[in-house]
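Trainee: Sending over a structure as structure tokens; questions will come in a sec.
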Number of protein chains: 2
Amino acid sequence: RKHNSYSTFGQDPKATSVYTHKNAEVSFTTDKYLDLKRNPNFSELTQEDITFFQSILPSNSIIVGNEDDLLPYNIDWMRKYRGKSKLIAKPRTTKQISEILKYCNDRRLAVVPQGGNTGLVGGGVPVFDEIVISINNLNKIRSFDHLSGSLVCDGGCILENLDNYLAEKGFMMPLDLGAKGSCQIGGNVATNAGGLRLLRYGSLHGSVLGLEVVLPDGTVLDNLVTLRKDNTGYDIKQLFIGSEGTLGIITGVSIQTPRKPKAVNVVLLGLNSFEKVQETFIRAKDDLTEILSAFEFWDANSVELIQAHIVQGSKFPLNTNYPFYILIEVSGSNKVHNDEKLSNFLEDILEKQTVEDGVVAQDETQAKVIWAIREGIPEACSKSGAVYKYDVSMPLEYMYKLVEDLRLKLMDAGIYGKDLPINHVIGFGHIGDEPWIYEWTEKHNGSISAEHGLGLMKAKYLRYSKSSSMINIMKKMKKELDPNGIMNPYKFLID
Amino acid sequence: RKHNSYSTFGQDPKATSVYTHKNAEVSFTTDKYLDLKRNPNFSELTQEDITFFQSILPSNSIIVGNEDDLLPYNIDWMRKYRGKSKLIAKPRTTKQISEILKYCNDRRLAVVPQGGNTGLVGGGVPVFDEIVISINNLNKIRSFDHLSGSLVCDGGCILENLDNYLAEKGFMMPLDLGAKGSCQIGGNVATNAGGLRLLRYGSLHGSVLGLEVVLPDGTVLDNLVTLRKDNTGYDIKQLFIGSEGTLGIITGVSIQTPRKPKAVNVVLLGLNSFEKVQETFIRAKDDLTEILSAFEFWDANSVELIQAHIVQGSKFPLNTNYPFYILIEVSGSNKVHNDEKLSNFLEDILEKQTVEDGVVAQDETQAKVIWAIREGIPEACSKSGAVYKYDVSMPLEYMYKLVEDLRLKLMDAGIYGKDLPINHVIGFGHIGDEPWIYEWTEKHNGSISAEHGLGLMKAKYLRYSKSSSMINIMKKMKKELDPNGIMNPYKFLID
């Protein structure tokens with residue numbers, strides 16, 4: 001969900017203090033968004049409800065009453081949203097989740113499923129007093145088939161743990177995110193996370209083989225097939241991929257994992273213009289085709305932030321500063337072949353002056369240093385103040401123009417520059433996984449620079465990108481699977 | 001849908017005569033399956049209906065009255081199913097399809113969407129008097145984006161035509177089927193066709209970017225996005241992928257196409273046992289990883305049929321006969337690297353006596369000869385008599401055991417052997433795309449050898465592979481999108 005992110009952020013003293021973990025200073029979502037009204041159809045938590053939850057869950061799997069303990073579940077990772085949940089349930093089994101959901105559904109208690117709480121659009125935290133159902137405690141690997149590479153695991157398994165587990169067996173997860181140390185596979189699937197390996201291994205709609213999902217009425221949909229192809233009936237699991245907790249809770253995931261490449265190499269390039277970034281991308285697709293596994297870009301402004309907040313003092317791999325940088329990762333089964341393809345490619349783009357300079361990592365440590373720059377950008381943004389992040393798709397040729405136009409617009413408004421509210425407008429992200437023409441981006445250009453972002457007001461967003469007949473069907477699906485609307489309300493699909 | 005097919009077939013004189021295109025001799029599906037009853041809720045075609053269709057469609061786009069003209073649309077490609085449709089509509093626009101469907105829905109006239117009519121399970125032909133809506137005339141390419149590789153086209157475009165169109169631009173379709181010269185992309189998507197490129201390029205759930213679908217009420221779902229990643233709302237298009245015409249008619253497809261590899265090579269190997277086939281597969285995944293683009297196997301019995309019916313007289317590329325054969329295709333951006341990986345791999349498996357012999361195609365013509373053997377198997381089966389084909393997935397180690405067990409079972413029953421009703425039991429198919437453990441295959445072993453196959457009785461099949469809660473949700477989706485049940489009745493989801 002964090003593709004081609006464009007961020008604007010300023011030295012907002014309040015936001016900065018927020019960063020120092022004073023969670024209590026984060027204002028309530030309802031205080032920021034006054035048009036949000038609590039749905040009166042939902043019940044309020046009673047002592048009887050608490051007693052019920054306590055009868056199902058051991059005492060260390062339930063948080064109730066203590067504000068400090070509730071806070072981390074009420075506030076999102078970006079500290080932009082804060083809910084007022086009074087009860088956090090941390091079930092340990094699918095059966096417990098089923099019992100809890102059934103109870104909540106019967107009682108009309110709204111719930112928010114929560115994974116690693118690493119989302120950027122406030123989808124994983126409550127708005128009002130929704131009960132948080134955390135799947136942190138569902139974290140077991142259920143099976144792995146060495147022959148096929150199919151992994152079956154609980155929804156609460158942390159992505160990095162899964163990747164480490166697979167690495168020992170010569171496999172890897174088909175997705176990788178900056179948040180891999182905290183995000184959970186159930187949340188990844190619920191948000192259809194893309195990340196750094198999408199270019200090579202495709203989306204979760206292709207790699208997820210099956211899901212175990214608990215529906216609001218307590219039904220456990222057991223669809224944990226490990227077949228790569230299963231043409232029996234409608235592919236219902238796909239509805240849950242990207243449904244953001246509004247249809248059910250993903251408690252188990254079966255996923256196709258690729259072999260870990262035997263040889264990986266990473267290159268950092270410096271370029272003079274975004275046009276050259278595009279040229280380099282096309283050449284990379286032509287020359288590196290099947291071994292191209294990542295193509296990331298960022299701008300000079302991003303590097304300033306990285307140097308200020310992340311790699312202070314340490315040496316940046318390229319000596320001169322360039323307006324644009326590219327990270328290219330290649331991976332394959334034969335190091336000699338990879339290196340030869342890569343060096344032919346680099347010679348060619350250097351000779352043609354498409355790129356100005358570049359470094360090739362000589363070992364894994366150097367490769368990690370280059371990746372750390374790219375992966376450090378979001379954290380550098382957070383550390384520098386309040387961040388507005390826009391996750392958009394764009395035809396490649398317009399991709400950076402948005403950043404430039406936004407700078408002009410903010411400058412015109414007198415709010416962009418040194419000692420002004422907004423100090424930086426940067427552009428960074430993946431190229432190659434979704435740089436395609438999308439009608440709404442054009443129509444939408446006007447509101448992309450709106451201050452409050454797209455994330456919160458999903459319904460508005462949806463109108464720009466999906467026709468009313470599509471939204472109509474989505475609403476029917478929602479109504480079928482969650483007739484009382486208790487699953488993650490106030491978000492995603494709003495009337 | 002034709003993976004790991006296991007076929008049994010015999011010299012049935014009637015079936016053989018059927019092959020000589022005496023379509024009128026194909027018996028009606030309703031005469032073979034006596035438990036099928038026409039749904040009395042459906043109206044019967046009246047002169048008034050015909051007049052309506054004639055008001056929408058030009059006279060060359062409608063077939064009514066003439067039995068000979070109706071026949072090709074009433075009989076499937078395998079000549080196993082024959083319906084009694086009295087009207088074939090061949091609309092030229094999405095709008096016409098919308099008007100026709102809305103009318104049929106209001107009038108409760110059942111319909112069967114039909115593409116290239118190359119399906120193997122009778123899904124594309126009527127059972128009773130359903131109206132056939134052929135999309136043959138929706139065959140235009142709408143757009144192609146060279147930068148991204150996204151193709152947008154009508155649902156009736158023939159797969160091979162699309163592949164040829166793309167080849168000129170350096171791209172290719174992410175799927176390839178034996179039936180490519182007749183099958184249509186809309187039908188491919190409706191049946192979630194896998195085919196020969198699945199191993200490398202994944203399933204249509206990953207490569208289809210968007211769809212245009214006409215719902216029974218005439219609503220046109222316009223979701224022809226060309227973005228590789230689109231996280232706005234539920235991924236509704238996925239419901240239609242593999243829905244076999246039971247939810248709507250796919251009139252437009254947007255699909256991600258990969259670059260056409262610069263270098264392709266094909267190898268034919270002879271092996272002594274199925275265990276060695278498995279060993280070779282594992283080595284190929286290890287050594288050829290990113291350039292492995294197809295791995296197909298077949299048995300000696302398949303070759304006998306091929307030699308008897310397809311390549312009579314022409315030389316088979318391997319001199320000796322082996323119990324098993326493998327076709328391996330590699331493709332990538334660098335011929336020298338491909339060849340080096342391939343020859344290292346071949347040296348290794350020959351030296352270890354995993355394979356007995358092999359030939360590497362020296363040019364495209366030789367590569368085509370090898371592919372023609374594999375692709376000729378289904379046709380060779382058809383030419384040799386009546387065919388029962390079972391499209392199953394299996395853990396790799398049990399894959400061929402099914403064929404052996406079936407031979408024993410049929411032998412015990414006294415019906416398998418020379419001059420007996422069943423002459424051949426063969427095994428062939430793709431390895432690598434779906435050899436994974438699947439609970440039902442075990443339970444199902446008993447009925448896989450049933451004479452009438454799985455295809456016709458989809459509902460029974462579904463019960464073995466999907467839980468009742470999954471089927472329950474499928475039925476809800478069907479009810480929502482096709483409340484009158486007019487879309488492709490008597491198939492897929494049956495009460």
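We label chains A, B, ... in the order they appear in the structure tokens, count residues from 1 in each chain, and number ligands from 1 in the order shown.
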So that I can see what lies close to region 367-382 of chain B, please list as a ChimeraX atom specification the residues with an atom at most 6 Å from it, counting only C-alpha atoms and leaving out residues fewer than 5 positions away in the same chain.
Mentor: /B:178,266,305-306,309,361
Trainee: Write the residues of the preceding selection, restricted to C-alpha atoms, as a PDB file, in the first residue's frame.
Mentor:
ATOM      1  CA  GLY B 178      -3.058 -25.923 -26.983  1.00  0.00           C
ATOM      2  CA  VAL B 266      13.569 -26.539 -25.586  1.00  0.00           C
ATOM      3  CA  LEU B 305      -0.929 -42.462 -29.579  1.00  0.00           C
ATOM      4  CA  ILE B 306       0.971 -39.495 -30.920  1.00  0.00           C
ATOM      5  CA  HIS B 309      -2.469 -40.365 -34.954  1.00  0.00           C
ATOM      6  CA  ALA B 361      16.487 -28.152 -30.076  1.00  0.00           C
TER       7      ALA B 361
END
Trainee: Based on DSSP run over this structure's backbone, return all residues of region 28-274 of chain A in strand (DSSP E or B), as a VMD selection string.
Mentor: chain A and resid 62 to 64 75 82 87 to 89 111 to 114 131 to 134 141 to 145 150 to 154 158 171 184 208 to 214 220 to 223 249 to 256 259 263 to 271
Trainee: Which is closest to chain A among B:Gln362, B:Ser468, B:Asn139, B:Gln96, if we use only C-alpha atoms?
Mentor: B:Ser468
Trainee: Return the single residue from A:Gly119, A:Pro317, A:Gly83, A:Gly210 that is closest to Ala193 (chain A), with distances computed using only C-alpha atoms.
Mentor: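 For Ala193 (chain A), the nearest of the candidates is A:Gly119.
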Trainee: Going by DSSP on the backbone, which residues of region 87-202 of chain A come out as alpha helix (DSSP H)? List them as a ChimeraX atom specification.
Mentor: /A:94-107,159-167,185-190,198-201
Trainee: State, in Å with one decimal place, the distance from CA of Gly218 (chain B) to CA of Leu247 (chain B).
Mentor: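 For CA of Gly218 (chain B) relative to CA of Leu247 (chain B), the distance reads 11.7 Å.
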Trainee: Which residues are near Trp77 (chain B)? Cut-off 12 Å, only C-alpha atoms, ignore same chain within fewer than 4 positions. Put them as an mmCIF file with C-alpha atoms, in the first residue's frame.
Mentor:
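The result, written out as part30.cif:
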data_model
loop_
_atom_site.group_PDB
_atom_site.id
_atom_site.type_symbol
_atom_site.label_atom_id
_atom_site.label_comp_id
_atom_site.auth_asym_id
_atom_site.auth_seq_id
_atom_site.Cartn_x
_atom_site.Cartn_y
_atom_site.Cartn_z
ATOM 1 C CA VAL B 18 -18.664 -38.737 -33.991
ATOM 2 C CA TYR B 19 -15.193 -37.572 -34.806
ATOM 3 C CA HIS B 21 -18.038 -34.333 -37.809
ATOM 4 C CA ASN B 23 -22.541 -33.496 -35.299
ATOM 5 C CA VAL B 26 -23.962 -36.522 -30.915
ATOM 6 C CA LEU B 71 -25.577 -27.117 -34.240
ATOM 7 C CA PRO B 72 -21.981 -25.840 -33.922
ATOM 8 C CA TYR B 73 -23.087 -23.682 -30.985
ATOM 9 C CA TYR B 81 -22.380 -32.436 -24.792
ATOM 10 C CA ARG B 82 -25.248 -31.258 -26.956
ATOM 11 C CA GLN B 114 -19.909 -18.830 -25.376
ATOM 12 C CA GLY B 115 -16.364 -17.974 -26.410
ATOM 13 C CA GLY B 116 -14.229 -20.162 -28.652
ATOM 14 C CA ASN B 117 -16.132 -23.272 -27.520
ATOM 15 C CA THR B 118 -12.895 -25.079 -26.676
ATOM 16 C CA GLY B 119 -13.812 -26.075 -23.122
ATOM 17 C CA LEU B 120 -13.573 -29.675 -21.990
ATOM 18 C CA VAL B 121 -16.285 -29.809 -19.341
ATOM 19 C CA GLY B 122 -19.337 -28.770 -21.324
ATOM 20 C CA GLY B 123 -19.509 -25.357 -19.672
ATOM 21 C CA GLY B 124 -19.856 -23.368 -22.886
ATOM 22 C CA VAL B 125 -22.799 -25.122 -24.526
ATOM 23 C CA ALA B 179 -6.364 -24.395 -28.097
ATOM 24 C CA SER B 182 -9.594 -20.937 -31.271
ATOM 25 C CA CYS B 183 -9.948 -20.046 -27.603
ATOM 26 C CA PRO B 378 -5.100 -34.270 -26.509
ATOM 27 C CA GLU B 379 -5.773 -34.407 -30.240
ATOM 28 C CA SER B 382 -9.588 -37.595 -29.524
#
